[in-house]
Amino acid sequence: MATVESYRPVILPESGDEKALSELMSAPGVEVMDTSAAWRRELIDLLPALSPAELAEDGRWVYYPWRRALVLLPGPGIFDRLRLDRNRNKITAVEQKNLADKRIGVVGLSVGHAIAHTLALEGLCGGLRLADFDTVELSNLNRIPATVLDLGVNKSVVAARRIAELNPYLAVEIFPGGLTEESISEFFDGLDLVVEECDSLDMKVRIRQEARSRGLPVLMETSDRGLFDVERFDQDPDRPLFHGLLGDIEPAALSGLATRDKAPHVMRILQASKLSSRMAASMVEIDRTVSSWPQLGSDVQLGAATVASAVRRWGRGQSLPSGRVRVDLDHVLETLGATSTGGAAIPAGFDPSVGSDPTVGSDPTPGPDLTQEIPDDLFDALLHGIRLAPSGGNIQPWSVATDPHGVRVFLVRERTSAMDVQFRGSYVAIGAAGFNAEVAAARHGYRAVLDPLPSDEIDDLALQIRLREGADPELAQLYPAMVRRISNRNLGTRRSLDAVVRADLERAARAGGARLVLVDDADRLGLVADVLAESDRIRYLTPLLHGQMMSELKWPGRDRLDLGIDVRTLGLDAADVAKLEVAARPEVMAHLADWEGGQALGDNTRDRVNASSALAVVTMDGDKSLDYLRGGSAVERVWIAAERMGLGVQPVSPVFLYARDRADLETLSVPFAAELGVLRDSFVRLAGLHGGEAPMLVLRLSHESGTPMRSERLPLSEVIAAGR
């Protein structure tokens, strides 16, 4: 085995060379390592599981001459599948396969060592070509991830060995003589991209000339302030070298220069005015107090990460234009306390702790507790009841106007969202507000007549409440419960509903002209939970719905809390808040949509529904505006009745709730319209709804759900309709 090149592992058996394997196993001083038990255990946990054909791939014995070590490893297919498994989905399987077709050359194996190793580490290429004439010196070990055992060894050999110990199947070629005029053509043949990190200025220019003539992109990372250059000669073959910073200089003019003489040219490339103060000062001191420009290991590692990120973008076909950027960590760290994590200025009063704990905020004064108010004035009580009504996302889609005979309630269209198809959800909310007004009127000895109601056409005047003498005592008794009604998003516990509770809930729905369907069988509840969870996933993955959902969420100390949902009311623990912070990012959702992933996005809903005592679906036989108004009144009756019996109530709004046909579904999410249709049909079947029946709202009922936090409401001044 002494003839084997000193950087290449030997993969056995080759062509049935069992004799060579046997000799190695018995050779003195050779360490034999059978790692198969460990990696076979890892295979069990792979998702998706390997096929029988893939699992049939034989293991390979790999001999590393420079270590005198013989290791049993998986064959190349299983090896790559296991080694790169944790890349997904930051690099998808398809992207990984495409990147494996790329051949990349790295010139200069000081900074280049870290870059080449990182490219191999992430599987960003199928072949590497490494060039450096120099050997490892002790002064290199502040930035090259080599060891004292590598001193005096050629830098390209050291890098190739380290990569071979990471992945023996990756094709690596070395040019230990570095690049010369005689070898440059051979080095470039078959490459797709070149990373230039050499010290020789003449070779820097020559590499770019060769890349430009062949139409290859060149990347260069220069450690100071994270300077990173991209030169896309594949897109612009007439592009000046180094972005024109060196002018039309020829390589011969830069050959053989001493370090001090290189400095002016290096400063032109690096742009002296933009150097870090420490680097600029060091350039002045070259050949006086320092022998060369300084480089730090951490900066080199950051540079490797930058190059790897650029290669990923290039390999994916994402935008990577020519130009230069600075990935300046010192600058970023200097902004701590002055900027948010996104880099934007932190607004006055913003509390950064909100992101990790939604129970705290910088605003110590909560809004007024409206549940403690029982206005003495009749009209004040009517308006108070209307303000307390539930609405999807707490959007409060109403404004009111009073006259001596009653109250008019108007639809405020600009507060609605895409899920409020044809304003059906808003009419449900206004119907609930109308019922609250009836209860408030009864409390004050009056009967509220809801007349007229809107026609089949959408009308801004949604509800007119006229007052008559004579109260309904049963409605009057509901006043304290109506005022205290609340969305309870705590998990709660599952317990069977007794016959009395079921009967009371059904009676409340009938009193409002609706039908109540209770889903409380555990198996059927689990199936409905899956439907609702998948609906949530679609809501997250549809940009419009996702953006509107996130705009409804309000953070204390950052947002006004009287319109939308205070995140503290969601009943989330710290882990759930962290998930919400990730789920709030549209670019993350875009990736999940592209990957057809995101199944976990509905887990919160699934867990809560499965922990429920029942789901209550309030339905009407029609789907006109009048039906939704009446249905909203019935929903409020059921909600109040459930709370009076000690149940926690949480509204659940699947995306398809107010969609009645394919056209409605397409207004919600064109890419997922068909899937939403299937989910809607499944929900109708599982809930046992009749043909033509329209769901008004789904309520999750639970026992022992604790004390929830109450959402605030708009001030009365913003509820009173101007000019009406």
# chains A, B, ... in the order shown; residues from 1 in each chain; ligands from 1
call {"tool": "residues_around", "arguments": {"residues": "range 392-399 of chain A", "least_positions_apart": "6", "cutoff": "6 Å", "atoms": "only C-alpha atoms", "output": "list in words"}}
result
Val409, Phe410, Leu411, Val412, Arg415, Glu552, Leu563, Gly564, Ile565, Val719, Ile720 and Ala721 of chain A
call {"tool": "select_by_dssp", "arguments": {"residues": "range 370-537 of chain A", "states": "helix (DSSP H, G or I)", "output": "JSON, numbers by chain"}}
result
{"A": [370, 371, 372, 378, 379, 380, 381, 382, 383, 384, 385, 386, 387, 392, 393, 394, 413, 414, 415, 421, 422, 423, 424, 425, 426, 427, 428, 429, 430, 431, 432, 433, 434, 435, 436, 437, 438, 439, 440, 441, 442, 443, 473, 474, 475, 476, 477, 479, 480, 481, 482, 483, 484, 499, 500, 501, 502, 503, 504, 505, 506, 507, 508, 509, 510, 511, 522, 523, 524, 525, 526, 527, 528, 529, 530, 531, 532, 533, 534, 535, 536, 537]}
call {"tool": "residues_around", "arguments": {"residues": "His384 in chain A", "least_positions_apart": "3", "cutoff": "9 Å", "atoms": "only C-alpha atoms", "output": "VMD selection string"}}
result
chain A and resid 370 373 to 375 379 to 381 387 to 388 436 to 437 440 483 716
call {"tool": "closest_atom_pairs", "arguments": {"of": "range 50-110 of chain A", "to": "range 167-189 of chain A", "cutoff": "9 Å", "atoms": "only C-alpha atoms", "output": "Markdown table"}}
result
| residue | atom | partner | partner_atom | distance |
| --- | --- | --- | --- | --- |
| A:Val62 | CA | A:Pro168 | CA | 7.6 |
| A:Gly75 | CA | A:Tyr169 | CA | 8.9 |
| A:Pro76 | CA | A:Tyr169 | CA | 6.4 |
| A:Phe79 | CA | A:Asn167 | CA | 8.4 |
| A:Asp80 | CA | A:Asn167 | CA | 8.5 |
| A:Arg83 | CA | A:Asn167 | CA | 8.8 |
| A:Gly105 | CA | A:Phe188 | CA | 7.5 |
| A:Val107 | CA | A:Gly178 | CA | 7.7 |
| A:Gly108 | CA | A:Gly178 | CA | 8.0 |
call {"tool": "residues_around", "arguments": {"residues": "Glu137 in chain A", "least_positions_apart": "4", "cutoff": "8 Å", "atoms": "only C-alpha atoms", "output": "tab-separated table (two decimals) with C-alpha atoms, in the first residue's frame"}}
result
chain	number	residue	atom	x	y	z
A	141	LEU	CA	-2.30	27.32	12.85
A	151	LEU	CA	3.63	20.83	9.95
A	152	GLY	CA	5.72	20.71	6.80
call {"tool": "residues_around", "arguments": {"residues": "Arg468 in chain A", "least_positions_apart": "2", "cutoff": "7 Å", "atoms": "only C-alpha atoms", "output": "list in words"}}
result
Tyr446, Arg447, Ala448, Arg466 and Gly470 of chain A
call {"tool": "write_last_selection", "arguments": {"atoms": "C-alpha atoms", "output": "mmCIF file, in the first residue's frame"}}
result
data_model
loop_
_atom_site.group_PDB
_atom_site.id
_atom_site.type_symbol
_atom_site.label_atom_id
_atom_site.label_comp_id
_atom_site.auth_asym_id
_atom_site.auth_seq_id
_atom_site.Cartn_x
_atom_site.Cartn_y
_atom_site.Cartn_z
ATOM 1 C CA TYR A 446 -87.205 46.903 27.462
ATOM 2 C CA ARG A 447 -87.640 44.586 24.526
ATOM 3 C CA ALA A 448 -85.209 45.022 21.627
ATOM 4 C CA ARG A 466 -85.873 49.265 17.944
ATOM 5 C CA GLY A 470 -91.901 44.999 28.069
#
call {"tool": "residues_around", "arguments": {"residues": "Ile104 in chain A", "least_positions_apart": "5", "cutoff": "6 Å", "atoms": "only C-alpha atoms", "output": "ChimeraX atom specification"}}
result
/A:128,191-194
call {"tool": "residues_around", "arguments": {"residues": "Ala69 in chain A", "least_positions_apart": "3", "cutoff": "10 Å", "atoms": "only C-alpha atoms", "output": "list in words"}}
result
Pro9, Leu24, Met25, Gly29, Val30, Glu31, Val32, Met33, Val62, Tyr63, Tyr64, Pro65 and Trp66 of chain A
call {"tool": "select_by_dssp", "arguments": {"residues": "range 197-278 of chain A", "states": "strand (DSSP E)", "output": "VMD selection string"}}
result
chain A and resid 217 to 222 227 to 232
call {"tool": "write_last_selection", "arguments": {"atoms": "N, CA and C atoms", "output": "mmCIF file, in the first residue's frame"}}
result
data_model
loop_
_atom_site.group_PDB
_atom_site.id
_atom_site.type_symbol
_atom_site.label_atom_id
_atom_site.label_comp_id
_atom_site.auth_asym_id
_atom_site.auth_seq_id
_atom_site.Cartn_x
_atom_site.Cartn_y
_atom_site.Cartn_z
ATOM 1 N N PRO A 217 -17.971 31.558 -12.910
ATOM 2 C CA PRO A 217 -18.031 32.509 -11.799
ATOM 3 C C PRO A 217 -16.848 32.343 -10.862
ATOM 4 N N VAL A 218 -16.434 33.443 -10.243
ATOM 5 C CA VAL A 218 -15.347 33.436 -9.266
ATOM 6 C C VAL A 218 -15.864 34.043 -7.964
ATOM 7 N N LEU A 219 -15.588 33.361 -6.859
ATOM 8 C CA LEU A 219 -15.917 33.862 -5.529
ATOM 9 C C LEU A 219 -14.623 34.105 -4.772
ATOM 10 N N MET A 220 -14.604 35.154 -3.954
ATOM 11 C CA MET A 220 -13.445 35.423 -3.113
ATOM 12 C C MET A 220 -13.926 35.976 -1.779
ATOM 13 N N GLU A 221 -13.425 35.420 -0.684
ATOM 14 C CA GLU A 221 -13.727 35.917 0.654
ATOM 15 C C GLU A 221 -12.445 36.488 1.237
ATOM 16 N N THR A 222 -12.522 37.723 1.697
ATOM 17 C CA THR A 222 -11.372 38.384 2.295
ATOM 18 C C THR A 222 -11.745 38.718 3.725
ATOM 19 N N LEU A 227 -15.475 40.769 4.079
ATOM 20 C CA LEU A 227 -15.614 41.186 2.684
ATOM 21 C C LEU A 227 -15.754 39.973 1.767
ATOM 22 N N PHE A 228 -16.778 39.991 0.923
ATOM 23 C CA PHE A 228 -17.058 38.863 0.033
ATOM 24 C C PHE A 228 -17.367 39.381 -1.361
ATOM 25 N N ASP A 229 -16.678 38.798 -2.353
ATOM 26 C CA ASP A 229 -16.824 39.222 -3.746
ATOM 27 C C ASP A 229 -17.413 38.120 -4.611
ATOM 28 N N VAL A 230 -18.271 38.528 -5.529
ATOM 29 C CA VAL A 230 -18.824 37.633 -6.549
ATOM 30 C C VAL A 230 -18.556 38.265 -7.907
ATOM 31 N N GLU A 231 -17.938 37.500 -8.792
ATOM 32 C CA GLU A 231 -17.708 37.961 -10.159
ATOM 33 C C GLU A 231 -18.303 36.937 -11.112
ATOM 34 N N ARG A 232 -19.432 37.297 -11.708
ATOM 35 C CA ARG A 232 -20.184 36.363 -12.549
ATOM 36 C C ARG A 232 -19.759 36.504 -14.013
#
call {"tool": "closest_residue", "arguments": {"among": "A:Arg268, A:His331, A:Arg685, A:Arg494", "to": "Arg524 in chain A", "atoms": "only C-alpha atoms"}}
result
A:Arg685
call {"tool": "closest_residue", "arguments": {"among": "A:Ala462, A:Leu302, A:Ala401, A:Val635", "to": "Arg485 in chain A", "atoms": "only C-alpha atoms"}}
result
A:Val635
call {"tool": "atom_distance", "arguments": {"atom1": "CA of Asn140 in chain A", "atom2": "CA of Glu285 in chain A"}}
result
19.5 Å
call {"tool": "atom_distance", "arguments": {"atom1": "CA of Leu72 in chain A", "atom2": "CA of Asp34 in chain A"}}
result
4.9 Å
call {"tool": "closest_residue", "arguments": {"among": "A:Met419, A:Leu525, A:Leu475, A:Leu55", "to": "Ser653 in chain A", "atoms": "only C-alpha atoms"}}
result
A:Met419
call {"tool": "atom_distance", "arguments": {"atom1": "CA of Leu518 in chain A", "atom2": "CA of Gly425 in chain A"}}
result
20.7 Å
call {"tool": "closest_residue", "arguments": {"among": "A:Val567, A:Ala616, A:Ile115, A:Asn89", "to": "Gly597 in chain A", "atoms": "only C-alpha atoms"}}
result
A:Asn89
call {"tool": "closest_residue", "arguments": {"among": "A:Asp299, A:Asp621, A:Asp566, A:Asp530", "to": "Arg143 in chain A", "atoms": "only C-alpha atoms"}}
result
A:Asp299
